[in-house]
Each structure stands twice: as structure tokens, then as C-alpha cells.
>>> print(open('data05.csv').read())   # CSV, C-alpha atoms
chain,number,residue,atom,x,y,z
A,1,MET,CA,-3.5,31.9,-75.1
A,2,ALA,CA,0.1,31.0,-74.1
A,3,ASP,CA,0.1,33.8,-71.5
A,4,SER,CA,-3.3,33.1,-70.1
A,5,THR,CA,-3.4,32.3,-66.3
A,6,ILE,CA,-6.7,30.4,-66.7
A,7,ARG,CA,-8.1,27.8,-69.0
A,8,VAL,CA,-10.2,29.5,-71.7
A,9,THR,CA,-13.4,28.1,-73.3
A,10,PRO,CA,-14.1,28.8,-77.0
A,11,PRO,CA,-17.0,31.2,-76.2
A,12,ALA,CA,-14.9,33.1,-73.7
A,13,LEU,CA,-12.1,33.5,-76.3
A,14,GLU,CA,-14.5,34.7,-78.9
A,15,LYS,CA,-15.9,37.3,-76.5
A,16,MET,CA,-12.5,38.4,-75.5
A,17,LEU,CA,-11.5,38.9,-79.1
A,18,ILE,CA,-14.7,40.7,-80.0
A,19,ASP,CA,-14.1,43.1,-77.1
A,20,THR,CA,-10.5,43.9,-78.1
A,21,HIS,CA,-10.5,43.6,-81.9
A,22,ASP,CA,-12.6,45.0,-84.8
A,23,LEU,CA,-13.6,41.5,-86.0
A,24,THR,CA,-16.9,39.8,-86.5
A,25,ARG,CA,-17.7,36.5,-84.7
A,26,LYS,CA,-17.5,34.7,-88.1
A,27,GLN,CA,-13.9,36.1,-88.6
A,28,ILE,CA,-12.9,35.1,-85.1
A,29,LYS,CA,-14.3,31.5,-85.6
A,30,ALA,CA,-12.3,31.3,-88.8
A,31,VAL,CA,-9.1,32.4,-87.1
A,32,ILE,CA,-9.5,29.9,-84.3
A,33,ARG,CA,-10.3,27.1,-86.8
A,34,ASP,CA,-7.1,28.0,-88.7
A,35,LEU,CA,-5.0,28.0,-85.6
A,36,VAL,CA,-6.3,24.6,-84.6
A,37,SER,CA,-5.7,23.2,-88.1
A,38,ALA,CA,-2.1,24.6,-88.0
A,39,GLY,CA,-1.5,22.8,-84.7
A,40,GLU,CA,-1.0,26.0,-82.7
A,41,LEU,CA,-4.2,25.5,-80.6
A,42,ALA,CA,-5.9,22.4,-79.5
A,43,TYR,CA,-9.3,21.5,-78.0
A,44,THR,CA,-9.2,19.8,-74.6
A,45,TYR,CA,-12.1,18.4,-72.6
A,46,GLU,CA,-12.3,18.1,-68.9
A,47,PHE,CA,-15.1,17.9,-66.2
A,48,GLY,CA,-17.8,18.5,-68.8
A,49,SER,CA,-16.2,21.6,-70.4
A,50,THR,CA,-14.3,22.2,-73.6
A,51,PHE,CA,-11.2,24.4,-73.5
A,52,LEU,CA,-8.8,25.9,-76.1
A,53,GLU,CA,-5.1,25.6,-75.1
A,54,PRO,CA,-1.7,25.9,-76.9
A,55,SER,CA,-1.2,22.6,-78.7
A,56,PHE,CA,1.5,20.1,-77.5
A,57,ASN,CA,0.9,17.7,-80.3
A,58,LYS,CA,4.1,19.0,-81.8
A,59,PRO,CA,7.7,19.7,-80.6
A,60,VAL,CA,7.6,22.4,-78.0
A,61,ARG,CA,10.6,24.2,-76.4
A,62,VAL,CA,9.9,24.4,-72.7
A,63,SER,CA,13.3,25.9,-71.6
A,64,THR,CA,16.4,27.4,-73.3
A,65,HIS,CA,17.7,24.0,-74.3
A,66,VAL,CA,14.9,21.4,-73.6
A,67,VAL,CA,12.4,20.4,-76.3
A,68,ILE,CA,9.5,18.0,-75.7
A,69,LYS,CA,8.2,16.2,-78.7
A,70,PRO,CA,5.6,13.4,-79.2
A,71,PRO,CA,6.7,10.2,-80.9
A,72,GLY,CA,6.6,10.4,-84.7
A,73,HIS,CA,7.3,14.1,-84.9
A,74,HIS,CA,10.6,15.4,-86.3
A,75,PHE,CA,12.6,18.2,-84.6
A,76,GLN,CA,15.9,19.5,-85.9
A,77,PRO,CA,18.0,20.7,-82.9
A,78,GLN,CA,19.0,24.4,-83.3
A,79,SER,CA,22.2,24.0,-81.2
A,80,PRO,CA,24.5,21.2,-79.9
A,81,GLN,CA,23.1,21.9,-76.4
A,82,ASP,CA,19.5,21.2,-77.3
A,83,VAL,CA,18.0,18.2,-75.5
A,84,VAL,CA,15.1,16.5,-77.1
A,85,ILE,CA,12.8,14.4,-74.9
A,86,GLN,CA,10.1,12.2,-76.3
A,87,ILE,CA,6.9,12.1,-74.2
A,88,LYS,CA,4.0,10.0,-75.4
A,89,PRO,CA,0.6,11.6,-74.7
A,90,GLY,CA,-1.2,9.8,-71.9
A,91,ALA,CA,-3.0,10.2,-68.6
A,92,ALA,CA,0.1,10.8,-66.5
A,93,PHE,CA,1.0,14.3,-65.5
A,94,GLY,CA,4.1,15.9,-67.0
A,95,ASP,CA,3.8,16.3,-70.8
A,96,GLY,CA,5.1,19.9,-70.5
A,97,ARG,CA,1.6,21.4,-70.9
A,98,HIS,CA,1.3,22.7,-67.3
A,99,PRO,CA,3.4,25.6,-66.2
A,100,THR,CA,4.8,23.6,-63.2
A,101,SER,CA,6.3,21.0,-65.5
A,102,ARG,CA,8.1,23.8,-67.5
A,103,LEU,CA,9.3,25.5,-64.3
A,104,ALA,CA,10.8,22.2,-63.0
A,105,VAL,CA,12.6,21.6,-66.3
A,106,ARG,CA,14.0,25.1,-66.1
A,107,GLY,CA,15.2,24.5,-62.6
A,108,ILE,CA,17.0,21.3,-63.7
A,109,GLU,CA,18.6,23.1,-66.6
A,110,TYR,CA,19.7,25.9,-64.3
A,111,ILE,CA,21.5,23.5,-62.0
A,112,LEU,CA,23.1,21.4,-64.7
A,113,LYS,CA,24.4,24.5,-66.5
A,114,GLU,CA,25.5,26.6,-63.5
A,115,PHE,CA,26.8,23.8,-61.3
A,116,ASN,CA,27.9,21.2,-63.8
A,117,SER,CA,31.3,20.7,-62.3
A,118,GLU,CA,29.8,20.1,-58.8
A,119,ILE,CA,27.2,17.6,-59.8
A,120,ASN,CA,27.9,15.9,-63.1
A,121,THR,CA,30.1,12.9,-62.0
A,122,ASP,CA,30.2,9.3,-63.3
A,123,HIS,CA,28.3,8.3,-60.2
A,124,SER,CA,25.7,11.0,-60.0
A,125,ARG,CA,22.1,10.1,-59.3
A,126,VAL,CA,18.7,11.8,-59.6
A,127,LEU,CA,15.5,11.0,-57.7
A,128,ASP,CA,12.2,12.2,-59.1
A,129,ILE,CA,9.4,12.0,-56.5
A,130,GLY,CA,5.9,11.5,-58.1
A,131,THR,CA,7.5,11.0,-61.5
A,132,GLY,CA,4.2,10.9,-63.5
A,133,SER,CA,5.2,10.7,-67.2
A,134,GLY,CA,8.9,10.6,-66.2
A,135,LEU,CA,9.7,14.0,-67.7
A,136,LEU,CA,11.9,15.3,-65.0
A,137,VAL,CA,14.0,12.2,-64.5
A,138,LEU,CA,14.4,12.0,-68.3
A,139,THR,CA,15.5,15.6,-68.4
A,140,ALA,CA,18.1,15.2,-65.7
A,141,VAL,CA,19.6,12.1,-67.2
A,142,LYS,CA,19.6,13.5,-70.8
A,143,MET,CA,21.3,16.6,-69.5
A,144,GLY,CA,24.2,14.6,-67.9
A,145,ILE,CA,23.1,12.9,-64.6
A,146,HIS,CA,24.4,9.3,-64.8
A,147,ARG,CA,21.5,7.3,-63.3
A,148,GLY,CA,18.0,8.1,-62.2
A,149,VAL,CA,15.1,6.7,-60.2
A,150,GLY,CA,11.5,7.8,-60.6
A,151,ILE,CA,9.0,6.9,-58.0
A,152,ASP,CA,5.2,7.0,-58.2
A,153,ILE,CA,2.4,5.3,-56.3
A,154,ASP,CA,0.1,5.4,-59.4
A,155,PRO,CA,0.5,2.2,-61.5
A,156,ALA,CA,-0.8,3.9,-64.6
A,157,ALA,CA,1.8,6.7,-64.2
A,158,ARG,CA,4.6,4.1,-63.7
A,159,SER,CA,3.5,2.3,-66.9
A,160,GLU,CA,3.6,5.4,-68.9
A,161,ALA,CA,6.9,6.6,-67.4
A,162,ARG,CA,8.5,3.2,-68.3
A,163,GLU,CA,7.2,3.6,-71.9
A,164,ASN,CA,8.7,7.1,-72.1
A,165,VAL,CA,12.0,5.9,-70.7
A,166,SER,CA,12.1,3.2,-73.4
A,167,LEU,CA,11.2,5.7,-76.1
A,168,ASN,CA,14.2,7.7,-75.1
A,169,ARG,CA,16.4,4.6,-74.9
A,170,LEU,CA,17.4,5.2,-71.3
A,171,ALA,CA,16.1,1.9,-69.7
A,172,ALA,CA,19.6,1.0,-68.7
A,173,GLN,CA,20.0,4.2,-66.7
A,174,ILE,CA,16.5,5.0,-65.3
A,175,GLU,CA,14.5,2.9,-62.9
A,176,ILE,CA,10.8,3.5,-62.4
A,177,SER,CA,9.7,2.2,-59.0
A,178,ASP,CA,6.7,1.9,-56.7
A,179,GLN,CA,8.9,2.5,-53.6
A,180,TYR,CA,7.7,5.0,-51.0
A,181,LEU,CA,10.0,7.9,-50.4
A,182,GLU,CA,10.7,6.7,-46.8
A,183,SER,CA,12.2,3.5,-48.1
A,184,ILE,CA,14.5,5.1,-50.7
A,185,GLU,CA,18.3,4.9,-50.0
A,186,GLY,CA,20.5,7.9,-50.9
A,187,PRO,CA,22.5,9.8,-51.5
A,188,PHE,CA,21.2,11.6,-54.5
A,189,ASN,CA,23.0,14.5,-56.2
A,190,LEU,CA,19.7,15.9,-57.5
A,191,VAL,CA,16.1,15.5,-56.2
A,192,THR,CA,13.2,16.7,-58.2
A,193,ALA,CA,9.5,16.9,-57.2
A,194,ASN,CA,6.5,18.6,-58.9
A,195,LEU,CA,4.1,18.4,-56.0
A,196,ARG,CA,1.8,20.7,-54.1
A,197,TYR,CA,3.2,22.9,-51.3
A,198,PRO,CA,1.9,20.9,-48.2
A,199,THR,CA,3.5,17.7,-49.5
A,200,LEU,CA,6.8,19.4,-50.3
A,201,LYS,CA,7.0,20.9,-46.8
A,202,LYS,CA,6.1,17.5,-45.2
A,203,ILE,CA,9.0,15.6,-46.9
A,204,CYS,CA,11.6,18.1,-45.9
A,205,SER,CA,13.1,16.0,-43.1
A,206,CYS,CA,13.2,12.9,-45.3
A,207,LEU,CA,15.1,14.8,-48.1
A,208,ARG,CA,17.6,15.9,-45.6
A,209,LYS,CA,18.6,12.3,-45.1
A,210,ILE,CA,18.9,11.2,-48.7
A,211,THR,CA,20.3,14.4,-50.5
A,212,HIS,CA,24.1,14.4,-51.1
A,213,PRO,CA,26.0,16.9,-49.0
A,214,LYS,CA,26.7,18.8,-52.2
A,215,GLY,CA,23.4,18.0,-53.8
A,216,PHE,CA,20.5,20.0,-55.2
A,217,ILE,CA,16.7,20.0,-55.0
A,218,VAL,CA,14.3,21.3,-57.7
A,219,PHE,CA,10.7,21.9,-56.6
A,220,SER,CA,7.6,23.0,-58.5
A,221,GLY,CA,3.9,22.7,-58.0
A,222,ILE,CA,4.0,25.7,-55.6
A,223,ARG,CA,1.8,28.8,-55.9
A,224,SER,CA,3.9,32.0,-56.0
A,225,HIS,CA,2.6,33.2,-52.7
A,226,GLU,CA,3.6,29.9,-51.0
A,227,SER,CA,7.3,30.0,-52.0
A,228,ALA,CA,8.5,32.3,-49.2
A,229,ASP,CA,7.2,30.0,-46.5
A,230,LEU,CA,8.6,26.9,-48.2
A,231,ILE,CA,12.0,28.6,-48.5
A,232,LYS,CA,12.0,29.3,-44.8
A,233,ALA,CA,11.1,25.7,-44.0
A,234,PHE,CA,14.0,24.4,-46.0
A,235,ASP,CA,16.4,27.0,-44.7
A,236,ARG,CA,15.7,25.7,-41.2
A,237,LYS,CA,16.9,22.3,-42.4
A,238,ASN,CA,20.1,23.8,-43.8
A,239,PHE,CA,19.1,24.0,-47.5
A,240,GLU,CA,20.4,27.1,-49.3
A,241,PHE,CA,17.9,28.8,-51.6
A,242,LEU,CA,19.5,29.5,-55.0
A,243,TRP,CA,16.9,30.3,-57.6
A,244,GLN,CA,13.2,31.0,-58.3
A,245,ASP,CA,11.2,31.4,-61.4
A,246,ASN,CA,7.5,32.3,-61.7
A,247,THR,CA,4.8,31.9,-64.4
A,248,HIS,CA,1.0,32.0,-64.3
A,249,ASP,CA,1.1,32.3,-60.5
A,250,TRP,CA,3.1,29.1,-60.1
A,251,ALA,CA,6.7,29.0,-58.8
A,252,GLY,CA,9.7,26.8,-59.3
A,253,VAL,CA,12.6,26.9,-56.7
A,254,VAL,CA,16.0,25.4,-56.4
A,255,PHE,CA,17.9,24.6,-53.2
A,256,LYS,CA,21.5,23.5,-52.5
A,257,SER,CA,22.2,21.1,-49.8
A,258,GLY,CA,24.1,22.0,-46.7
A,259,VAL,CA,23.5,18.8,-44.8
A,260,THR,CA,25.7,16.1,-43.4
A,261,LEU,CA,24.6,12.6,-44.3
A,262,ASN,CA,23.3,10.5,-41.4
A,263,GLU,CA,23.6,13.6,-39.2
>>> encode(input="data05.csv", output="C-alpha cells")
Amino acid sequence: MADSTIRVTPPALEKMLIDTHDLTRKQIKAVIRDLVSAGELAYTYEFGSTFLEPSFNKPVRVSTHVVIKPPGHHFQPQSPQDVVIQIKPGAAFGDGRHPTSRLAVRGIEYILKEFNSEINTDHSRVLDIGTGSGLLVLTAVKMGIHRGVGIDIDPAARSEARENVSLNRLAAQIEISDQYLESIEGPFNLVTANLRYPTLKKICSCLRKITHPKGFIVFSGIRSHESADLIKAFDRKNFEFLWQDNTHDWAGVVFKSGVTLNE
């Protein structure tokens, strides 16, 4: 289930297991029931259909060092480098369930581990565009960025993001705003965005103006086959491509700025 590239309904999973294992339908139903009871799988409902997916109603490690957990659940860090982020389940996108969220978190972790000396200063700032639950700005600040701004045009998302910021006791360092990207003033050492490819390509020129000359950008929300064109578009704006990861036909990419502010 964790490796599936599509959302799977219970009947489809039962048929898949019948076709590949020597089990009866009754045995398969019992296995699924036990996995749901154990918190490994969960039923979700959307657009009139029921799906079975890996459960996120428990602490889940989404990258080497980042663990997302719902409030009220205990997690014992396995190393001093583990970062635990509380995200309250809600309507806003970004609880770590979707592959694009996990790819973006891995991109942030890559930057703050590989380029820590270049970015992690007392005055470093992160901008998260379309912040949703606030997951990415929370990840960046918890991993060492000094201050953060998350922007979103959806009032429900902003409300949930502020609640998650408070849950993680970072209200003094993170601002959740309804500002449009065009009105944001830089520079930012790190910019994150989990948005679809056309939007990411469209905001390229704007990011050139607000990204620090030695700053970094993390993008997700891109289909794997779209990444090459996006990389070319940002290369033309003097952003150096550094890293890409792929999962379930989605891609996450990292760029390093080569811009001059106010150029």
C-alpha cells in the first residue's frame, strides 16, 4: 500500500491479494481489518469513494530526520538529529500523507544538512508559498532557519497553519499571512513551494527578486516528466539545479540562487 502509485479501494485491494496470494476472501478481509485496527492502514472517503491508505494517525517518519505526529501521540526520537513536527489533522493540504509533501520535506532536509554553513545564520528567513498546514515552514524553522513566513490565500488553511505553529511553540518565529507573493519583501535564504508545475514556472521571475543571492529554493508538486522543463526555465533565470528526488511519479527539486538582488 505504501508503494502504490494510485489510491486503492477495499475491493480492488482484495482482488489484488486474491490474484497474488493463496488466501481466501475471508482471510484477506481479516488481514485488512487487523491492519486498520493496528493503525497501519486507514479508510479515507473522497468524491463518493472509499479508499484504503497508509495511516497517518500516528507518528510517521517522512525523511531521514523528520517525523510528523498528530497531537496527543508520543514519539521517542531515535537520534539527537530527529525533528518532530506536530500537525493537527484538518482540511489543509500538508499532513505528510501525499508524496509531494514528503519530497518537499526531504528537499529542505537536504539543504539544511548539506549547506548548513551557507544558510543557517541568525538572520536567516524562509518563505513558504501556499503554506497549507504550515508543514514546510515548520520543518525549515525546526531544522535551524531563524524566522519564517507562510502565505496562503485560503483562510481555512491559514487558520490551521496558525494552530500548527502554536502547537509547535513557534508563534514568535513564524508568521502566517494572507499576503500575495507579489507584495512580499525579501530577501529569503530559503523559499519553499508545493504547487503544480504551471504555477511554479509562472512565479520564476518573482522569486528571482526575493531570493537571497546565496539562497535556495525547494519545489514539489511536479510530475516527474515535468521536472526537466522546470529546471530549464529556472536555469534561464540563473538558478542552479542541485538535487532531485522522485516517488510515485512526483518529483521534488532544489535550486541554488545565482541572482543579484534588485538586478
>>> residues_around(input="data05.csv", residues="Pro71 (chain A)", least_positions_apart="6", cutoff="10 Å", atoms="all atoms listed in the file", output="list of chain:residue names")
A:Asn57, A:Lys58, A:Pro59, A:Ile85, A:Gln86, A:Ile87, A:Lys88, A:Pro89, A:Asn164, A:Leu167, A:Asn168
>>> closest_residue(input="data05.csv", among="A:Val8, A:Val60, A:Met16, A:Val254", to="Tyr43 (chain A)", atoms="all atoms listed in the file")
A:Val8
>>> closest_residue(input="data05.csv", among="A:Thr20, A:Ser133, A:Ser63, A:Ser55", to="Ala91 (chain A)", atoms="all atoms listed in the file")
A:Ser133
>>> closest_atom_pairs(input="data05.csv", of="region 121-150 of chain A", to="region 189-207 of chain A", cutoff="7 Å", atoms="only C-alpha atoms", output="CSV")
residue,atom,partner,partner_atom,distance
A:Ser124,CA,A:Asn189,CA,5.8
A:Arg125,CA,A:Asn189,CA,5.5
A:Val126,CA,A:Leu190,CA,4.7
A:Leu127,CA,A:Val191,CA,4.8
A:Asp128,CA,A:Thr192,CA,4.7
A:Ile129,CA,A:Ala193,CA,5.0
A:Gly130,CA,A:Ala193,CA,6.6
>>> closest_residue(input="data05.csv", among="A:Arg208, A:Thr100, A:Gln244, A:Ser117", to="Ile222 (chain A)", atoms="all atoms listed in the file")
A:Thr100
>>> atom_distance(input="data05.csv", atom1="CA of Ile174 (chain A)", atom2="CA of Pro213 (chain A)")
22.3 Å
>>> residues_around(input="data05.csv", residues="region 101-110 of chain A", least_positions_apart="4", cutoff="9 Å", atoms="all atoms listed in the file", output="NGL selection string")
:A and (62-66 or 93-97 or 114-115 or 135-136 or 139-140 or 143 or 190 or 192-194 or 217-221 or 243-247 or 250-254)
>>> residues_around(input="data05.csv", residues="Pro11 (chain A)", least_positions_apart="4", cutoff="10 Å", atoms="all atoms listed in the file", output="ChimeraX atom specification")
/A:15-17,29,50-52
>>> write_last_selection(input="data05.csv", atoms="C-alpha atoms", output="mmCIF file, in the coordinates of the input")
data_model
loop_
_atom_site.group_PDB
_atom_site.id
_atom_site.type_symbol
_atom_site.label_atom_id
_atom_site.label_comp_id
_atom_site.auth_asym_id
_atom_site.auth_seq_id
_atom_site.Cartn_x
_atom_site.Cartn_y
_atom_site.Cartn_z
ATOM 1 C CA LYS A 15 -15.900 37.300 -76.500
ATOM 2 C CA MET A 16 -12.500 38.400 -75.500
ATOM 3 C CA LEU A 17 -11.500 38.900 -79.100
ATOM 4 C CA LYS A 29 -14.300 31.500 -85.600
ATOM 5 C CA THR A 50 -14.300 22.200 -73.600
ATOM 6 C CA PHE A 51 -11.200 24.400 -73.500
ATOM 7 C CA LEU A 52 -8.800 25.900 -76.100
#
>>> closest_residue(input="data05.csv", among="A:Ala171, A:Ile119, A:Ile184, A:Ile6", to="Lys214 (chain A)", atoms="all atoms listed in the file")
A:Ile119
>>> residues_around(input="data05.csv", residues="Pro54 (chain A)", least_positions_apart="4", cutoff="7 Å", atoms="all atoms listed in the file", output="list in words")
Met1, Ala2, Glu40, Leu41 and Ala42 of chain A
>>> closest_residue(input="data05.csv", among="A:His74, A:Arg158, A:Arg61, A:His248", to="Gly132 (chain A)", atoms="all atoms listed in the file")
A:Arg158
>>> residues_around(input="data05.csv", residues="Phe241 (chain A)", least_positions_apart="6", cutoff="10 Å", atoms="all atoms listed in the file", output="number ranges by chain")
A: 216-217, 231-232, 234-235, 253-257
>>> atom_distance(input="data05.csv", atom1="CA of Asp178 (chain A)", atom2="CA of Phe239 (chain A)")
27.0 Å
>>> atom_distance(input="data05.csv", atom1="CA of Ser49 (chain A)", atom2="CA of His98 (chain A)")
17.8 Å
>>> build_atoms(input="data05.csv", residues="region 226-246 of chain A", atoms="N, CA and C atoms", output="compact mmCIF listing (two decimals), in the coordinates of the input")
# COMPACT_ATOMS: atom_id res chain seq x y z
N GLU A 226 3.23 30.92 -51.97
CA GLU A 226 3.60 29.90 -51.00
C GLU A 226 5.15 29.74 -50.93
N SER A 227 5.87 30.28 -51.92
CA SER A 227 7.30 30.00 -52.00
C SER A 227 8.10 30.52 -50.84
N ALA A 228 7.75 31.70 -50.33
CA ALA A 228 8.50 32.30 -49.20
C ALA A 228 8.49 31.39 -47.99
N ASP A 229 7.32 30.83 -47.68
CA ASP A 229 7.20 30.00 -46.50
C ASP A 229 7.96 28.66 -46.73
N LEU A 230 7.91 28.12 -47.95
CA LEU A 230 8.60 26.90 -48.20
C LEU A 230 10.15 27.12 -48.13
N ILE A 231 10.61 28.25 -48.62
CA ILE A 231 12.00 28.60 -48.50
C ILE A 231 12.48 28.68 -47.08
N LYS A 232 11.66 29.26 -46.21
CA LYS A 232 12.00 29.30 -44.80
C LYS A 232 12.05 27.95 -44.16
N ALA A 233 11.10 27.08 -44.53
CA ALA A 233 11.10 25.70 -44.00
C ALA A 233 12.33 24.96 -44.34
N PHE A 234 12.80 25.09 -45.57
CA PHE A 234 14.00 24.40 -46.00
C PHE A 234 15.26 25.03 -45.49
N ASP A 235 15.22 26.33 -45.30
CA ASP A 235 16.40 27.00 -44.70
C ASP A 235 16.62 26.50 -43.27
N ARG A 236 15.54 26.22 -42.55
CA ARG A 236 15.70 25.70 -41.20
C ARG A 236 16.32 24.29 -41.18
N LYS A 237 16.23 23.59 -42.30
CA LYS A 237 16.90 22.30 -42.40
C LYS A 237 18.20 22.38 -43.16
N ASN A 238 18.73 23.59 -43.26
CA ASN A 238 20.10 23.80 -43.80
C ASN A 238 20.15 23.58 -45.32
N PHE A 239 19.08 23.94 -46.05
CA PHE A 239 19.10 24.00 -47.50
C PHE A 239 19.17 25.41 -47.95
N GLU A 240 20.15 25.72 -48.79
CA GLU A 240 20.40 27.10 -49.30
C GLU A 240 19.49 27.37 -50.48
N PHE A 241 18.69 28.42 -50.43
CA PHE A 241 17.90 28.80 -51.60
C PHE A 241 18.76 29.48 -52.63
N LEU A 242 18.62 29.01 -53.90
CA LEU A 242 19.50 29.50 -55.00
C LEU A 242 18.72 30.26 -56.07
N TRP A 243 17.50 29.83 -56.39
CA TRP A 243 16.90 30.30 -57.60
C TRP A 243 15.35 30.15 -57.53
N GLN A 244 14.66 31.08 -58.17
CA GLN A 244 13.20 31.00 -58.30
C GLN A 244 12.76 31.56 -59.60
N ASP A 245 11.78 30.91 -60.21
CA ASP A 245 11.20 31.40 -61.40
C ASP A 245 9.65 31.33 -61.25
N ASN A 246 8.92 32.24 -61.85
CA ASN A 246 7.50 32.30 -61.70
C ASN A 246 6.80 32.41 -63.05
